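Novice: Next comes protein_12.tsv, TSV, C-alpha atoms and all ligand atoms:
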```
chain	number	residue	atom	x	y	z
A	1	MET	CA	11.38	2.12	-16.64
A	2	LYS	CA	11.63	5.86	-17.28
A	3	THR	CA	13.54	7.43	-14.41
A	4	GLU	CA	13.01	11.14	-15.07
A	5	PRO	CA	10.59	12.90	-12.71
A	6	SER	CA	6.97	12.76	-13.81
A	7	LYS	CA	5.82	15.94	-15.59
A	8	ASN	CA	2.19	14.96	-15.08
A	9	SER	CA	0.11	17.04	-12.71
A	10	PRO	CA	-0.72	15.38	-9.37
A	11	LEU	CA	-3.52	12.83	-9.47
A	12	ARG	CA	-6.85	13.73	-7.96
A	13	ARG	CA	-8.82	11.18	-5.95
A	14	SER	CA	-11.71	11.51	-8.42
A	15	GLN	CA	-9.49	10.25	-11.25
A	16	LEU	CA	-9.17	6.89	-9.49
A	17	SER	CA	-12.87	6.39	-8.98
A	18	PRO	CA	-13.97	5.06	-12.42
A	19	LEU	CA	-11.06	2.61	-12.52
A	20	LEU	CA	-11.81	1.35	-9.01
A	21	ARG	CA	-15.44	0.82	-9.95
A	22	GLU	CA	-14.37	-1.03	-13.09
A	23	TYR	CA	-11.97	-3.27	-11.11
A	24	SER	CA	-14.43	-4.09	-8.32
A	25	ARG	CA	-17.53	-4.65	-10.48
A	26	SER	CA	-17.66	-8.43	-10.12
A	27	MET	CA	-16.45	-8.67	-6.51
A	28	PRO	CA	-18.68	-9.76	-3.61
A	29	LEU	CA	-20.68	-6.83	-2.20
A	30	MET	CA	-18.42	-6.04	0.77
A	31	TYR	CA	-15.27	-5.89	-1.35
A	32	ARG	CA	-17.08	-4.13	-4.20
A	33	THR	CA	-18.11	-1.38	-1.77
A	34	LYS	CA	-14.67	-1.12	-0.14
A	35	VAL	CA	-12.70	-1.10	-3.39
A	36	ALA	CA	-15.05	1.17	-5.33
A	37	ASN	CA	-14.67	3.81	-2.59
A	38	ARG	CA	-10.97	3.25	-1.86
A	39	ASP	CA	-10.07	6.62	-3.39
A	40	ILE	CA	-11.91	8.43	-0.57
A	41	ILE	CA	-9.92	6.90	2.30
A	42	GLY	CA	-6.15	7.00	2.52
A	43	ALA	CA	-3.48	8.20	0.14
A	44	PHE	CA	-3.70	6.06	-3.02
A	45	HIS	CA	-3.50	9.20	-5.18
A	46	LEU	CA	-0.26	10.35	-3.47
A	47	VAL	CA	1.24	6.87	-3.61
A	48	LEU	CA	0.50	6.60	-7.34
A	49	ASP	CA	2.09	10.01	-7.91
A	50	CYS	CA	5.36	8.58	-6.54
A	51	ILE	CA	5.39	5.55	-8.88
A	52	PRO	CA	7.48	6.19	-12.02
A	53	GLN	CA	5.95	5.33	-15.41
A	54	GLY	CA	6.60	1.77	-16.50
A	55	ALA	CA	7.82	0.57	-13.09
A	56	ARG	CA	7.90	-3.05	-11.99
A	57	LEU	CA	5.83	-2.88	-8.83
A	58	PHE	CA	5.42	-5.13	-5.79
A	59	ASP	CA	2.70	-4.38	-3.22
A	60	VAL	CA	3.00	-5.81	0.30
A	61	GLY	CA	-0.42	-6.55	1.83
A	62	CYS	CA	-2.13	-5.68	-1.46
A	63	GLY	CA	-5.64	-6.72	-0.38
A	64	THR	CA	-7.63	-7.23	-3.58
A	65	GLY	CA	-4.89	-5.69	-5.74
A	66	ALA	CA	-6.67	-2.39	-6.39
A	67	LEU	CA	-3.48	-0.30	-6.18
A	68	LEU	CA	-1.76	-2.69	-8.58
A	69	TYR	CA	-4.62	-2.29	-11.06
A	70	LEU	CA	-4.45	1.50	-10.79
A	71	ALA	CA	-0.67	1.43	-11.31
A	72	ILE	CA	-1.13	-0.54	-14.53
A	73	LYS	CA	-3.84	1.80	-15.81
A	74	LEU	CA	-2.36	5.13	-14.68
A	75	LYS	CA	1.40	4.47	-14.53
A	76	GLN	CA	1.73	1.76	-17.17
A	77	ALA	CA	3.34	-0.54	-14.59
A	78	THR	CA	4.99	-3.38	-16.50
A	79	LEU	CA	4.75	-5.80	-13.57
A	80	ALA	CA	2.23	-5.46	-10.76
A	81	HIS	CA	2.61	-8.24	-8.21
A	82	GLY	CA	1.47	-8.43	-4.62
A	83	TYR	CA	0.37	-10.70	-1.83
A	84	ASP	CA	-1.94	-10.61	1.15
A	85	LEU	CA	-2.65	-12.72	4.22
A	86	SER	CA	-6.41	-12.48	3.67
A	87	ARG	CA	-7.76	-15.40	1.63
A	88	GLU	CA	-11.03	-13.48	1.18
A	89	ALA	CA	-9.32	-10.43	-0.33
A	90	VAL	CA	-7.29	-12.61	-2.71
A	91	ALA	CA	-10.43	-14.58	-3.64
A	92	ALA	CA	-12.20	-11.28	-4.40
A	93	SER	CA	-9.36	-10.34	-6.76
A	94	GLU	CA	-9.89	-13.66	-8.56
A	95	THR	CA	-13.46	-12.69	-9.46
A	96	VAL	CA	-12.17	-9.89	-11.72
A	97	SER	CA	-12.71	-11.01	-15.31
A	98	THR	CA	-10.60	-8.29	-16.92
A	99	THR	CA	-7.38	-8.87	-14.97
A	100	PRO	CA	-4.47	-7.48	-17.01
A	101	PRO	CA	-1.63	-9.99	-17.61
A	102	GLU	CA	0.81	-7.82	-15.62
A	103	LEU	CA	-1.27	-8.17	-12.44
A	104	ARG	CA	-0.70	-11.05	-10.00
A	105	VAL	CA	-2.22	-11.26	-6.50
A	106	THR	CA	-1.23	-14.21	-4.36
A	107	HIS	CA	-2.12	-15.47	-0.91
A	108	SER	CA	0.55	-15.91	1.76
A	109	THR	CA	0.58	-17.14	5.33
A	110	GLU	CA	3.94	-15.48	6.14
A	111	VAL	CA	3.56	-12.63	8.65
A	112	PHE	CA	6.83	-11.05	7.47
A	113	PRO	CA	7.51	-9.72	3.97
A	114	PRO	CA	9.42	-11.85	1.41
A	115	GLN	CA	13.19	-11.79	1.92
A	116	ASP	CA	13.96	-11.14	-1.70
A	117	LEU	CA	12.33	-8.27	-3.60
A	118	THR	CA	15.09	-7.81	-6.16
A	119	ASN	CA	13.01	-8.00	-9.35
A	120	TYR	CA	11.08	-4.80	-8.70
A	121	ASP	CA	11.74	-1.07	-9.17
A	122	VAL	CA	9.15	-0.03	-6.59
A	123	VAL	CA	7.81	-1.71	-3.45
A	124	THR	CA	4.64	-0.28	-1.90
A	125	MET	CA	2.93	-0.96	1.40
A	126	VAL	CA	-0.28	0.98	1.97
A	127	ASP	CA	-2.34	0.94	5.16
A	128	VAL	CA	-0.89	-2.41	6.23
A	129	LEU	CA	1.53	-1.56	9.05
A	130	HIS	CA	-1.13	-0.54	11.57
A	131	HIS	CA	-2.70	-3.99	11.07
A	132	VAL	CA	0.55	-5.84	11.78
A	133	ALA	CA	0.71	-7.13	15.38
A	134	SER	CA	2.13	-4.38	17.56
A	135	PRO	CA	5.16	-6.30	18.98
A	136	ILE	CA	6.48	-7.15	15.51
A	137	GLN	CA	5.88	-3.85	13.68
A	138	ASP	CA	9.47	-2.61	14.04
A	139	THR	CA	10.92	-5.95	12.90
A	140	PHE	CA	8.47	-5.97	9.99
A	141	VAL	CA	9.76	-2.60	8.73
A	142	SER	CA	13.42	-3.63	9.26
A	143	LYS	CA	12.91	-6.87	7.34
A	144	LEU	CA	11.18	-5.00	4.55
A	145	ALA	CA	14.06	-2.50	4.28
A	146	ASN	CA	16.57	-5.36	4.21
A	147	ALA	CA	14.68	-7.23	1.48
A	148	ILE	CA	14.94	-4.27	-0.89
A	149	SER	CA	17.92	-4.01	-3.21
A	150	PRO	CA	19.96	-0.83	-3.90
A	151	GLY	CA	18.12	1.61	-6.14
A	152	THR	CA	14.66	0.24	-5.41
A	153	LEU	CA	12.09	2.77	-4.26
A	154	LEU	CA	10.01	1.98	-1.18
A	155	ILE	CA	6.69	3.80	-0.76
A	156	LEU	CA	5.20	3.25	2.67
A	157	ALA	CA	1.87	4.89	3.48
A	158	ASP	CA	-0.19	4.55	6.62
A	159	ILE	CA	-2.26	6.37	9.21
A	160	GLU	CA	-0.25	9.03	11.05
A	161	GLY	CA	0.15	7.94	14.67
A	162	THR	CA	1.33	11.36	15.85
A	163	ASN	CA	-2.10	12.79	15.16
A	164	LEU	CA	-4.13	11.97	18.26
A	165	PHE	CA	-7.52	12.41	16.60
A	166	SER	CA	-6.63	10.22	13.64
A	167	ASN	CA	-4.96	7.65	15.89
A	168	ILE	CA	-8.10	7.28	18.00
A	169	THR	CA	-10.53	7.20	15.06
A	170	ALA	CA	-8.43	4.50	13.34
A	171	ARG	CA	-8.40	2.35	16.49
A	172	LEU	CA	-12.16	2.77	17.00
A	173	HIS	CA	-12.91	2.14	13.31
A	174	ASP	CA	-10.99	-1.15	13.20
A	175	LEU	CA	-12.35	-2.31	16.54
A	176	ALA	CA	-15.93	-1.67	15.40
A	177	VAL	CA	-15.66	-2.78	11.76
A	178	ASN	CA	-12.94	-5.45	11.79
A	179	LYS	CA	-12.98	-6.49	15.49
A	180	GLN	CA	-9.25	-5.88	15.41
A	181	ARG	CA	-6.87	-3.90	17.65
A	182	VAL	CA	-4.63	-1.78	15.46
A	183	ARG	CA	-1.67	0.49	16.18
A	184	PRO	CA	-1.00	3.44	13.88
A	185	ARG	CA	2.67	4.44	14.02
A	186	LYS	CA	4.36	7.82	14.01
A	187	SER	CA	5.95	8.57	10.64
A	188	THR	CA	9.05	9.69	12.56
A	189	ASP	CA	9.41	6.18	14.06
A	190	ILE	CA	9.20	4.64	10.60
A	191	THR	CA	11.75	6.99	9.04
A	192	THR	CA	14.15	6.17	11.91
A	193	ILE	CA	13.80	2.42	11.38
A	194	LEU	CA	14.26	2.79	7.62
A	195	THR	CA	17.32	5.02	8.03
A	196	ASN	CA	18.84	2.55	10.53
A	197	ASN	CA	18.42	-0.17	7.92
A	198	GLY	CA	20.30	1.45	5.06
A	199	MET	CA	17.55	3.50	3.45
A	200	GLN	CA	17.60	7.17	2.53
A	201	ILE	CA	14.34	9.06	3.00
A	202	THR	CA	13.57	10.92	-0.23
A	203	SER	CA	10.22	12.49	0.64
A	204	ILE	CA	7.40	12.57	3.13
A	205	THR	CA	3.92	13.95	2.50
A	206	TRP	CA	0.63	13.89	4.34
A	207	CYS	CA	-3.05	14.12	3.45
A	208	TRP	CA	-6.38	14.00	5.23
A	209	SER	CA	-9.30	11.80	4.21
A	210	VAL	CA	-12.52	12.07	6.18
A	211	VAL	CA	-11.18	11.53	9.75
A	212	PHE	CA	-7.82	9.95	8.93
A	213	LYS	CA	-4.48	11.66	8.46
A	214	SER	CA	-2.09	9.60	6.32
A	215	PHE	CA	1.64	9.84	5.71
A	216	VAL	CA	3.45	8.74	2.58
A	217	ILE	CA	7.16	8.07	2.99
A	218	THR	CA	9.41	7.39	0.00
A	219	ALA	CA	12.85	5.93	0.62
A	220	LYS	CA	15.65	4.45	-1.48
A	221	LYS	CA	18.11	1.73	-0.57
A	222	ILE	CA	21.59	3.27	-0.62
A	301	LIG	C1	-6.56	-1.84	5.23
A	301	LIG	S1	-6.14	-3.23	4.29
A	301	LIG	C2	-5.18	-2.47	2.99
A	301	LIG	C3	-5.16	-3.31	1.75
A	301	LIG	C4	-4.44	-2.63	0.59
A	301	LIG	N1	-3.05	-2.40	0.86
A	301	LIG	C5	-5.11	-1.30	0.27
A	301	LIG	O1	-4.48	-0.28	0.52
A	301	LIG	O2	-6.25	-1.31	-0.18
A	301	LIG	C6	-4.89	-4.00	5.27
A	301	LIG	C7	-4.38	-5.29	4.65
A	301	LIG	O3	-3.18	-5.70	5.31
A	301	LIG	C8	-3.17	-7.10	5.30
A	301	LIG	N2	-2.18	-7.55	6.30
A	301	LIG	C9	-2.27	-7.50	7.64
A	301	LIG	N3	-1.15	-7.99	8.19
A	301	LIG	C10	-0.33	-8.33	7.17
A	301	LIG	C11	0.98	-8.88	7.09
A	301	LIG	N4	1.67	-9.21	8.19
A	301	LIG	N5	1.51	-9.11	5.87
A	301	LIG	C12	0.81	-8.80	4.75
A	301	LIG	N6	-0.43	-8.27	4.76
A	301	LIG	C13	-0.99	-8.05	5.95
A	301	LIG	C14	-4.60	-7.47	5.60
A	301	LIG	O4	-4.89	-8.80	5.25
A	301	LIG	C15	-5.36	-6.44	4.79
A	301	LIG	O5	-5.69	-6.92	3.50
```
Rewrite the coordinates I just gave you, this time as structure tokens.
Ligand SMILES: C[S@@+](CC[C@H](N)C(=O)[O-])C[C@H]1O[C@@H](n2cnc3c(N)ncnc32)[C@H](O)[C@@H]1O
Specialist:
Amino acid sequence: MKTEPSKNSPLRRSQLSPLLREYSRSMPLMYRTKVANRDIIGAFHLVLDCIPQGARLFDVGCGTGALLYLAIKLKQATLAHGYDLSREAVAASETVSTTPPELRVTHSTEVFPPQDLTNYDVVTMVDVLHHVASPIQDTFVSKLANAISPGTLLILADIEGTNLFSNITARLHDLAVNKQRVRPRKSTDITTILTNNGMQITSITWCWSVVFKSFVITAKKI
């Protein structure tokens, strides 16, 4: 992996669009629609900007693996592994006929992240935390921080809970679309948990997409 800072200009959402369409082409309609438009919602472009070229990447709650695919195409990720609790999302990833050999999406029934993430340079978790059951969110983040080895970069992105408007729209959206109660967290709560578990915060950025404000935290295990 090259460790020097990227000299590339920041990615634009529109640069992700053709690759997302390519990746989702053979998925069932619901996933095809979600994945093909994933660049519009959330902070994929900012997350990808933080991934060094050639990294070995692990994505927690990777859904169909769209971020992993983008990391291979745009950041030349040399490993792109992830897992998700949703059998349907993993099954949708299996319909992709042009899966690169570096990409591996698996199904898991474990509500907490794997205890050992030592083989990776970067661990990402994007728009997953607000879906984790509210009483175990703090433990989830602590366990994740403890699974990461020194030097590994964690990139955690989610809906910003401090923003009242975004917080409410996210809750309403998931209640209406997914029949699920979600809890967006304040980025300040997450940085505190990470710091208390041996991680150093290296950056925090925000972006808006439609009605959602997202944060992107990067942190390194000391
Ligand atoms: C909004 S989707 C985001 C998927 C993907 N990370 C992305 O950004 O496109 C949230 C995902 O989190 C997964 N999820 C929810 N709870 C989880 C947990 N405890 N561990 C792993 N994944 C989880 C869901 O199955 C779902 O696929």
Novice: Could you produce a table of the residues of chain A lying within 6 Å of ligand LIG 301 (chain A), with the nearest pair of atoms per residue and their separation in Å rounded to one decimal, using only C-alpha atoms and all ligand atoms, ordered by chain and increasing residue number, as a tab-separated table?
Specialist:
```
residue	atom	partner	partner_atom	distance
A:Val60	CA	A:LIG301	C12	5.8
A:Gly61	CA	A:LIG301	N6	3.4
A:Cys62	CA	A:LIG301	N1	4.1
A:Gly63	CA	A:LIG301	O5	3.9
A:Asp84	CA	A:LIG301	N6	4.6
A:Leu85	CA	A:LIG301	O4	4.6
A:Ser86	CA	A:LIG301	O4	4.3
A:Val111	CA	A:LIG301	N4	3.9
A:Phe112	CA	A:LIG301	N4	5.5
A:Val126	CA	A:LIG301	N1	4.5
A:Asp127	CA	A:LIG301	C2	4.9
A:Val128	CA	A:LIG301	O3	4.1
A:His131	CA	A:LIG301	C9	4.9
A:Val132	CA	A:LIG301	N3	4.5
```
Novice: Which residue out of A:Phe165, A:Ala43, A:Thr64, A:Leu70 has the minimum interatomic distance to Leu19 of chain A when all atoms listed in the file are used?
Specialist: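 Under the stated criterion, the closest residue is A:Leu70.
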Novice: For Ser209 of chain A, which residue among A:Leu16, A:Leu48, A:Ile159, A:Ala77 is the nearest when counting all atoms listed in the file?
Specialist: A:Ile159
Novice: Measure the distance from atom CA of Asp138 of chain A to atom CA of Leu103 of chain A in Å and round it to one decimal.
Specialist: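 If I compute the distance from atom CA of Asp138 of chain A to atom CA of Leu103 of chain A, I get 29.1 Å.
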Novice: Kindly give the distance, in Å, that separates atom CA of Ser17 of chain A and atom CA of Gly42 of chain A, rounded to a single decimal.
Specialist: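 About the pair atom CA of Ser17 of chain A and atom CA of Gly42 of chain A: they are 13.3 Å apart.
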Novice: Contacts of Phe44 of chain A at 9 Å or less, counting only C-alpha atoms, minus same-chain residues fewer than 3 places along, as a list of chain:residue names?
Specialist: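 Contacts, in chain order: A:Arg13, A:Leu16, A:Arg38, A:Asp39, A:Ile40, A:Ile41, A:Val47, A:Leu48, A:Asp49, A:Leu67, A:Val126, A:Ala157.
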Novice: Would you mind listing what lies within 8 Å of Arg171 of chain A as a ChimeraX atom specification, with all atoms listed in the file counted and same-chain residues fewer than 4 positions away left out?
Specialist: /A:167,175,181-184
Novice: Residues within 9 Å of Val141 of chain A, please, as a tab-separated table (two decimals) with C-alpha atoms, in the frame of the given file. Count only C-alpha atoms; anything in the same chain fewer than 4 positions from it doesn't count.
Specialist:
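The file below, result.tsv, is the result:
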```tsv
chain	number	residue	atom	x	y	z
A	113	PRO	CA	7.51	-9.72	3.97
A	129	LEU	CA	1.53	-1.56	9.05
A	136	ILE	CA	6.48	-7.15	15.51
A	137	GLN	CA	5.88	-3.85	13.68
A	145	ALA	CA	14.06	-2.50	4.28
A	146	ASN	CA	16.57	-5.36	4.21
A	190	ILE	CA	9.20	4.64	10.60
A	193	ILE	CA	13.80	2.42	11.38
A	194	LEU	CA	14.26	2.79	7.62
```
Novice: Out of A:Asn8, A:Ser134, A:Ser93, A:Thr139, which residue has the shortest atom-to-atom distance to Tyr31 of chain A when counting only C-alpha atoms?
Specialist: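 Among the listed residues, A:Ser93 lies closest to Tyr31 of chain A.
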Novice: Which residues, written as a PyMOL selection string, have at least one atom at most 12 Å from Ser9 of chain A, with all atoms listed in the file counted and residues fewer than 4 positions away on the same chain left out?
Specialist: chain A and resi 5+15+45-46+48-50
Novice: Could you turn the residues from that selection into a file that holds C-alpha atoms, as a compact mmCIF listing (two decimals), in the frame of the given file?
Specialist:
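Contents of result.txt, as written:
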```
# COMPACT_ATOMS: atom_id res chain seq x y z
CA PRO A 5 10.59 12.90 -12.71
CA GLN A 15 -9.49 10.25 -11.25
CA HIS A 45 -3.50 9.20 -5.18
CA LEU A 46 -0.26 10.35 -3.47
CA LEU A 48 0.50 6.60 -7.34
CA ASP A 49 2.09 10.01 -7.91
CA CYS A 50 5.36 8.58 -6.54
```
Novice: Using only C-alpha atoms for the distances, tell me which of A:His173, A:Ile51, A:Phe58, A:Glu94 is nearest to Thr218 of chain A.
Specialist: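 Looking at the shortest contact to Thr218 of chain A, the residue is A:Ile51.
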Novice: Looking at all atoms listed in the file, which of A:Gln53, A:Thr78, A:Asn119, A:Thr98 is the one that sits closest to Gly151 of chain A?
Specialist: A:Asn119
Novice: What's the separation between atom CA of Val90 of chain A and atom CA of Gln180 of chain A, in Å to one decimal place?
Specialist: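 Going from atom CA of Val90 of chain A over to atom CA of Gln180 of chain A covers 19.4 Å.
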